[in-house]
file final01.cif (mmCIF, C-alpha atoms)
data_work
#
loop_
_atom_site.group_PDB
_atom_site.id
_atom_site.type_symbol
_atom_site.label_atom_id
_atom_site.label_comp_id
_atom_site.auth_asym_id
_atom_site.auth_seq_id
_atom_site.Cartn_x
_atom_site.Cartn_y
_atom_site.Cartn_z
ATOM 1 C CA MET A 104 14.837 119.965 40.617
ATOM 2 C CA ILE A 105 15.196 119.836 44.394
ATOM 3 C CA ARG A 106 11.433 120.274 44.838
ATOM 4 C CA LYS A 107 10.734 117.391 42.463
ATOM 5 C CA THR A 108 13.255 115.193 44.284
ATOM 6 C CA MET A 109 11.677 116.047 47.633
ATOM 7 C CA THR A 110 8.212 115.252 46.263
ATOM 8 C CA VAL A 111 9.401 111.875 44.995
ATOM 9 C CA LEU A 112 11.061 111.116 48.335
ATOM 10 C CA ALA A 113 7.915 112.122 50.204
ATOM 11 C CA LEU A 114 5.840 109.959 47.894
ATOM 12 C CA GLY A 115 8.148 107.009 48.531
ATOM 13 C CA LEU A 116 7.827 107.448 52.285
ATOM 14 C CA ALA A 117 4.060 107.783 52.030
ATOM 15 C CA LEU A 118 3.848 104.672 49.897
ATOM 16 C CA SER A 119 5.873 102.733 52.432
ATOM 17 C CA ALA A 120 3.516 103.869 55.170
ATOM 18 C CA GLY A 121 0.554 103.647 52.815
ATOM 19 C CA GLY A 122 1.211 99.995 52.104
ATOM 20 C CA ALA A 123 -0.583 99.262 55.344
ATOM 21 C CA ASN A 124 -3.541 101.319 54.100
ATOM 22 C CA LEU A 125 -3.704 99.236 50.934
ATOM 23 C CA ALA A 126 -3.759 96.071 52.995
ATOM 24 C CA LEU A 127 -6.435 97.363 55.373
ATOM 25 C CA ALA A 128 -8.678 98.511 52.529
ATOM 26 C CA GLN A 129 -9.752 94.967 51.705
ATOM 27 C CA SER A 130 -11.526 92.072 53.333
ATOM 28 C CA ALA A 131 -9.759 88.773 53.868
ATOM 29 C CA ALA A 132 -12.205 87.096 51.475
ATOM 30 C CA ALA A 133 -11.511 89.639 48.709
ATOM 31 C CA LYS A 134 -7.755 89.266 49.190
ATOM 32 C CA ALA A 135 -7.994 85.473 49.059
ATOM 33 C CA ALA A 136 -10.149 85.585 45.921
ATOM 34 C CA VAL A 137 -7.785 88.008 44.179
ATOM 35 C CA ASP A 138 -4.695 86.035 45.217
ATOM 36 C CA ALA A 139 -6.285 82.890 43.779
ATOM 37 C CA GLY A 140 -7.216 84.824 40.638
ATOM 38 C CA LYS A 141 -3.635 86.030 40.233
ATOM 39 C CA ALA A 142 -2.335 82.479 40.624
ATOM 40 C CA ALA A 143 -4.889 81.232 38.065
ATOM 41 C CA GLY A 144 -4.095 84.016 35.607
ATOM 42 C CA THR A 145 -7.525 85.640 35.689
ATOM 43 C CA VAL A 146 -6.474 88.734 37.682
ATOM 44 C CA GLY A 147 -3.446 90.932 37.135
ATOM 45 C CA GLU A 148 -1.839 94.130 38.321
ATOM 46 C CA GLN A 149 -1.968 97.230 36.137
ATOM 47 C CA ALA A 150 0.555 100.058 35.781
ATOM 48 C CA ASP A 151 -2.043 102.520 37.091
ATOM 49 C CA GLY A 152 -1.978 100.794 40.498
ATOM 50 C CA TYR A 153 -5.271 98.965 40.140
ATOM 51 C CA LEU A 154 -6.206 95.336 39.618
ATOM 52 C CA GLY A 155 -7.745 94.176 36.370
ATOM 53 C CA ILE A 156 -9.461 91.089 35.034
ATOM 54 C CA VAL A 157 -7.161 89.371 32.535
ATOM 55 C CA ALA A 158 -9.782 86.922 31.281
ATOM 56 C CA GLY A 159 -12.918 85.251 32.594
ATOM 57 C CA GLY A 160 -13.689 85.574 36.250
ATOM 58 C CA ASP A 161 -17.084 85.168 37.840
ATOM 59 C CA ALA A 162 -19.189 87.867 39.490
ATOM 60 C CA SER A 163 -17.699 87.127 42.904
ATOM 61 C CA LEU A 164 -14.142 87.597 41.648
ATOM 62 C CA ARG A 165 -15.104 90.807 39.856
ATOM 63 C CA ALA A 166 -16.678 92.086 43.079
ATOM 64 C CA SER A 167 -13.479 91.276 44.992
ATOM 65 C CA VAL A 168 -11.402 93.166 42.424
ATOM 66 C CA ALA A 169 -13.791 96.129 42.649
ATOM 67 C CA GLU A 170 -13.636 96.096 46.472
ATOM 68 C CA ILE A 171 -9.846 96.175 46.493
ATOM 69 C CA ASN A 172 -9.692 98.813 43.756
ATOM 70 C CA THR A 173 -12.069 101.030 45.755
ATOM 71 C CA GLY A 174 -9.746 100.754 48.739
ATOM 72 C CA ARG A 175 -6.724 101.481 46.581
ATOM 73 C CA ALA A 176 -8.400 104.572 45.113
ATOM 74 C CA ALA A 177 -9.012 105.914 48.623
ATOM 75 C CA ALA A 178 -5.406 105.175 49.627
ATOM 76 C CA TYR A 179 -4.048 106.909 46.506
ATOM 77 C CA LYS A 180 -6.175 109.989 47.234
ATOM 78 C CA ASP A 181 -4.877 110.039 50.796
ATOM 79 C CA ILE A 182 -1.262 109.664 49.662
ATOM 80 C CA ALA A 183 -1.783 112.400 47.074
ATOM 81 C CA ALA A 184 -3.199 114.783 49.656
ATOM 82 C CA LYS A 185 -0.226 114.178 51.957
ATOM 83 C CA THR A 186 2.474 114.455 49.286
ATOM 84 C CA GLY A 187 1.126 116.990 46.806
ATOM 85 C CA VAL A 188 1.089 114.619 43.839
ATOM 86 C CA THR A 189 -1.946 113.462 41.895
ATOM 87 C CA PRO A 190 -3.772 110.255 42.850
ATOM 88 C CA GLU A 191 -2.747 108.932 39.427
ATOM 89 C CA ALA A 192 0.946 109.506 40.232
ATOM 90 C CA ALA A 193 0.505 107.786 43.593
ATOM 91 C CA GLY A 194 -1.148 104.815 41.881
ATOM 92 C CA GLN A 195 1.580 104.545 39.272
ATOM 93 C CA ALA A 196 4.316 104.750 41.907
ATOM 94 C CA THR A 197 2.590 102.018 43.907
ATOM 95 C CA ALA A 198 2.222 99.929 40.743
ATOM 96 C CA LYS A 199 6.007 99.848 40.385
ATOM 97 C CA GLN A 200 6.259 98.329 43.858
ATOM 98 C CA LEU A 201 3.439 95.881 43.118
ATOM 99 C CA TYR A 202 5.105 94.814 39.871
ATOM 100 C CA ALA A 203 8.300 93.990 41.756
ATOM 101 C CA ARG A 204 6.283 91.637 43.989
ATOM 102 C CA LEU A 205 4.578 89.765 41.158
ATOM 103 C CA ALA A 206 5.502 86.106 40.963
ATOM 104 C CA PRO A 207 6.728 84.702 37.662
ATOM 105 C CA GLY A 208 3.745 83.684 35.555
ATOM 106 C CA GLN A 209 1.439 86.383 36.936
ATOM 107 C CA PHE A 210 0.028 89.090 34.712
ATOM 108 C CA TRP A 211 0.884 92.778 34.361
ATOM 109 C CA LYS A 212 -0.691 95.422 32.147
ATOM 110 C CA PRO A 213 1.478 98.424 31.173
ATOM 111 C CA LEU A 214 -0.199 101.807 30.693
ATOM 112 C CA ASP A 215 0.079 101.589 26.929
ATOM 113 C CA GLY A 216 -0.317 97.893 26.239
ATOM 114 C CA GLY A 217 -2.091 94.617 26.779
ATOM 115 C CA TRP A 218 -1.610 91.949 29.387
ATOM 116 C CA VAL A 219 1.845 90.368 29.615
ATOM 117 C CA LYS A 220 3.018 87.453 31.715
ATOM 118 C CA LYS A 221 5.923 88.219 34.029
#

call {"tool": "encode", "arguments": {"input": "final01.cif", "output": "structure tokens"}}
result
Amino acid sequence: MIRKTMTVLALGLALSAGGANLALAQSAAAKAAVDAGKAAGTVGEQADGYLGIVAGGDASLRASVAEINTGRAAAYKDIAAKTGVTPEAAGQATAKQLYARLAPGQFWKPLDGGWVKK
């Protein structure tokens, strides 16, 4: 029990520090495109820690989502290596923080369901 608690605490600390890694793993253009997509309802956050296309979206938007997801994957692997959890666990823990930051009206996709509007 203590080991699990310590792992969760370490993961939380790594995610706090890793938030900068998530931000640095994207270009300004990709971030702007994804932010606009979130506001328009075409891009949403997923419970696995990655972005997804809710509906529509052109090739440029899809490329921006892919760019950011590639950066997130690298950050989750780094967090996992530092904390001893899986990259999937790091992504899911980050997703909880990302969900808390979603504005009302933006989309979220739980692990076992379809897109829902916050």

call {"tool": "residues_around", "arguments": {"input": "final01.cif", "residues": "segment 138-152 of chain A", "least_positions_apart": "2", "cutoff": "8 Å", "atoms": "all atoms listed in the file", "output": "ChimeraX atom specification"}}
result
/A:134-136,154-160,164,175,191,194-199,201-202,208-214

call {"tool": "residues_near_point", "arguments": {"input": "final01.cif", "point": "(-11.4, 93.0, 45.1)", "cutoff": "8 Å", "atoms": "only C-alpha atoms", "output": "PyMOL selection string"}}
result
chain A and resi 129+133-134+136-137+154+164-172

call {"tool": "atom_distance", "arguments": {"input": "final01.cif", "atom1": "atom CA of Ala132 of chain A", "atom2": "atom CA of Gly217 of chain A"}}
result
27.7 Å

call {"tool": "atom_distance", "arguments": {"input": "final01.cif", "atom1": "atom CA of Tyr153 of chain A", "atom2": "atom CA of Ala184 of chain A"}}
result
18.6 Å

call {"tool": "atom_distance", "arguments": {"input": "final01.cif", "atom1": "atom CA of Thr186 of chain A", "atom2": "atom CA of Ala131 of chain A"}}
result
28.8 Å

call {"tool": "decode", "arguments": {"input": "final01.cif", "residues": "segment 176-192 of chain A", "atoms": "all heavy atoms", "output": "JSON list (two decimals), in the first residue's frame"}}
result
[["chain", "number", "residue", "atom", "x", "y", "z"],
["A", 176, "ALA", "N", 3.02, 11.39, -26.31],
["A", 176, "ALA", "CA", 3.49, 10.01, -26.17],
["A", 176, "ALA", "C", 4.92, 9.99, -25.62],
["A", 176, "ALA", "O", 5.25, 9.20, -24.73],
["A", 176, "ALA", "CB", 3.41, 9.27, -27.50],
["A", 177, "ALA", "N", 5.77, 10.86, -26.16],
["A", 177, "ALA", "CA", 7.16, 10.93, -25.68],
["A", 177, "ALA", "C", 7.20, 11.38, -24.22],
["A", 177, "ALA", "O", 7.98, 10.83, -23.42],
["A", 177, "ALA", "CB", 7.96, 11.89, -26.56],
["A", 178, "ALA", "N", 6.37, 12.34, -23.86],
["A", 178, "ALA", "CA", 6.34, 12.82, -22.47],
["A", 178, "ALA", "C", 5.86, 11.73, -21.53],
["A", 178, "ALA", "O", 6.41, 11.55, -20.44],
["A", 178, "ALA", "CB", 5.45, 14.06, -22.36],
["A", 179, "TYR", "N", 4.83, 10.96, -21.95],
["A", 179, "TYR", "CA", 4.32, 9.89, -21.10],
["A", 179, "TYR", "C", 5.36, 8.79, -20.91],
["A", 179, "TYR", "O", 5.49, 8.23, -19.83],
["A", 179, "TYR", "CB", 3.03, 9.31, -21.66],
["A", 179, "TYR", "CG", 1.90, 10.31, -21.78],
["A", 179, "TYR", "CD1", 0.90, 10.14, -22.72],
["A", 179, "TYR", "CD2", 1.82, 11.43, -20.96],
["A", 179, "TYR", "CE1", -0.15, 11.05, -22.84],
["A", 179, "TYR", "CE2", 0.79, 12.35, -21.07],
["A", 179, "TYR", "CZ", -0.19, 12.15, -22.02],
["A", 179, "TYR", "OH", -1.22, 13.06, -22.13],
["A", 180, "LYS", "N", 6.13, 8.50, -21.96],
["A", 180, "LYS", "CA", 7.20, 7.50, -21.83],
["A", 180, "LYS", "C", 8.27, 7.99, -20.87],
["A", 180, "LYS", "O", 8.79, 7.22, -20.06],
["A", 180, "LYS", "CB", 7.81, 7.20, -23.20],
["A", 180, "LYS", "CG", 6.92, 6.36, -24.08],
["A", 180, "LYS", "CD", 7.56, 6.11, -25.44],
["A", 180, "LYS", "CE", 6.58, 5.38, -26.35],
["A", 180, "LYS", "NZ", 7.09, 5.24, -27.71],
["A", 181, "ASP", "N", 8.58, 9.27, -20.94],
["A", 181, "ASP", "CA", 9.59, 9.84, -20.05],
["A", 181, "ASP", "C", 9.10, 9.81, -18.60],
["A", 181, "ASP", "O", 9.84, 9.42, -17.69],
["A", 181, "ASP", "CB", 9.90, 11.28, -20.49],
["A", 181, "ASP", "CG", 11.00, 11.92, -19.67],
["A", 181, "ASP", "OD1", 12.08, 11.30, -19.55],
["A", 181, "ASP", "OD2", 10.78, 13.03, -19.16],
["A", 182, "ILE", "N", 7.86, 10.21, -18.39],
["A", 182, "ILE", "CA", 7.28, 10.18, -17.04],
["A", 182, "ILE", "C", 7.26, 8.75, -16.51],
["A", 182, "ILE", "O", 7.61, 8.49, -15.36],
["A", 182, "ILE", "CB", 5.86, 10.78, -17.05],
["A", 182, "ILE", "CG1", 5.92, 12.29, -17.32],
["A", 182, "ILE", "CG2", 5.13, 10.49, -15.74],
["A", 182, "ILE", "CD1", 4.58, 12.91, -17.67],
["A", 183, "ALA", "N", 6.88, 7.82, -17.37],
["A", 183, "ALA", "CA", 6.83, 6.41, -16.96],
["A", 183, "ALA", "C", 8.20, 5.90, -16.54],
["A", 183, "ALA", "O", 8.34, 5.21, -15.52],
["A", 183, "ALA", "CB", 6.26, 5.56, -18.09],
["A", 184, "ALA", "N", 9.21, 6.25, -17.30],
["A", 184, "ALA", "CA", 10.57, 5.81, -16.99],
["A", 184, "ALA", "C", 11.04, 6.37, -15.64],
["A", 184, "ALA", "O", 11.75, 5.70, -14.89],
["A", 184, "ALA", "CB", 11.53, 6.22, -18.10],
["A", 185, "LYS", "N", 10.63, 7.60, -15.34],
["A", 185, "LYS", "CA", 11.06, 8.24, -14.10],
["A", 185, "LYS", "C", 10.27, 7.77, -12.88],
["A", 185, "LYS", "O", 10.77, 7.87, -11.76],
["A", 185, "LYS", "CB", 10.92, 9.76, -14.23],
["A", 185, "LYS", "CG", 11.91, 10.37, -15.20],
["A", 185, "LYS", "CD", 11.69, 11.85, -15.34],
["A", 185, "LYS", "CE", 12.66, 12.43, -16.35],
["A", 185, "LYS", "NZ", 12.39, 13.85, -16.61],
["A", 186, "THR", "N", 9.04, 7.29, -13.09],
["A", 186, "THR", "CA", 8.18, 6.98, -11.95],
["A", 186, "THR", "C", 7.90, 5.49, -11.78],
["A", 186, "THR", "O", 7.34, 5.10, -10.76],
["A", 186, "THR", "CB", 6.83, 7.71, -12.07],
["A", 186, "THR", "OG1", 6.17, 7.27, -13.27],
["A", 186, "THR", "CG2", 7.02, 9.21, -12.08],
["A", 187, "GLY", "N", 8.23, 4.69, -12.78],
["A", 187, "GLY", "CA", 7.99, 3.26, -12.68],
["A", 187, "GLY", "C", 6.57, 2.83, -13.00],
["A", 187, "GLY", "O", 6.19, 1.70, -12.71],
["A", 188, "VAL", "N", 5.79, 3.71, -13.60],
["A", 188, "VAL", "CA", 4.45, 3.33, -14.04],
["A", 188, "VAL", "C", 4.49, 3.11, -15.55],
["A", 188, "VAL", "O", 5.50, 3.38, -16.20],
["A", 188, "VAL", "CB", 3.39, 4.41, -13.69],
["A", 188, "VAL", "CG1", 3.34, 4.64, -12.18],
["A", 188, "VAL", "CG2", 3.67, 5.71, -14.42],
["A", 189, "THR", "N", 3.40, 2.64, -16.11],
["A", 189, "THR", "CA", 3.35, 2.47, -17.56],
["A", 189, "THR", "C", 3.07, 3.81, -18.23],
["A", 189, "THR", "O", 2.50, 4.71, -17.61],
["A", 189, "THR", "CB", 2.24, 1.48, -17.96],
["A", 189, "THR", "OG1", 0.97, 2.05, -17.60],
["A", 189, "THR", "CG2", 2.43, 0.13, -17.29],
["A", 190, "PRO", "N", 3.44, 3.95, -19.50],
["A", 190, "PRO", "CA", 3.07, 5.16, -20.24],
["A", 190, "PRO", "C", 1.55, 5.36, -20.26],
["A", 190, "PRO", "O", 1.07, 6.50, -20.21],
["A", 190, "PRO", "CB", 3.62, 4.93, -21.64],
["A", 190, "PRO", "CG", 4.75, 3.97, -21.44],
["A", 190, "PRO", "CD", 4.31, 3.08, -20.30],
["A", 191, "GLU", "N", 0.80, 4.26, -20.31],
["A", 191, "GLU", "CA", -0.65, 4.36, -20.32],
["A", 191, "GLU", "C", -1.16, 4.98, -19.02],
["A", 191, "GLU", "O", -2.06, 5.82, -19.03],
["A", 191, "GLU", "CB", -1.29, 2.98, -20.54],
["A", 191, "GLU", "CG", -1.05, 2.41, -21.91],
["A", 191, "GLU", "CD", 0.34, 1.79, -22.12],
["A", 191, "GLU", "OE1", 1.08, 1.55, -21.12],
["A", 191, "GLU", "OE2", 0.70, 1.57, -23.28],
["A", 192, "ALA", "N", -0.58, 4.57, -17.88],
["A", 192, "ALA", "CA", -0.98, 5.13, -16.59],
["A", 192, "ALA", "C", -0.62, 6.61, -16.52],
["A", 192, "ALA", "O", -1.39, 7.42, -15.99],
["A", 192, "ALA", "CB", -0.32, 4.36, -15.45]]
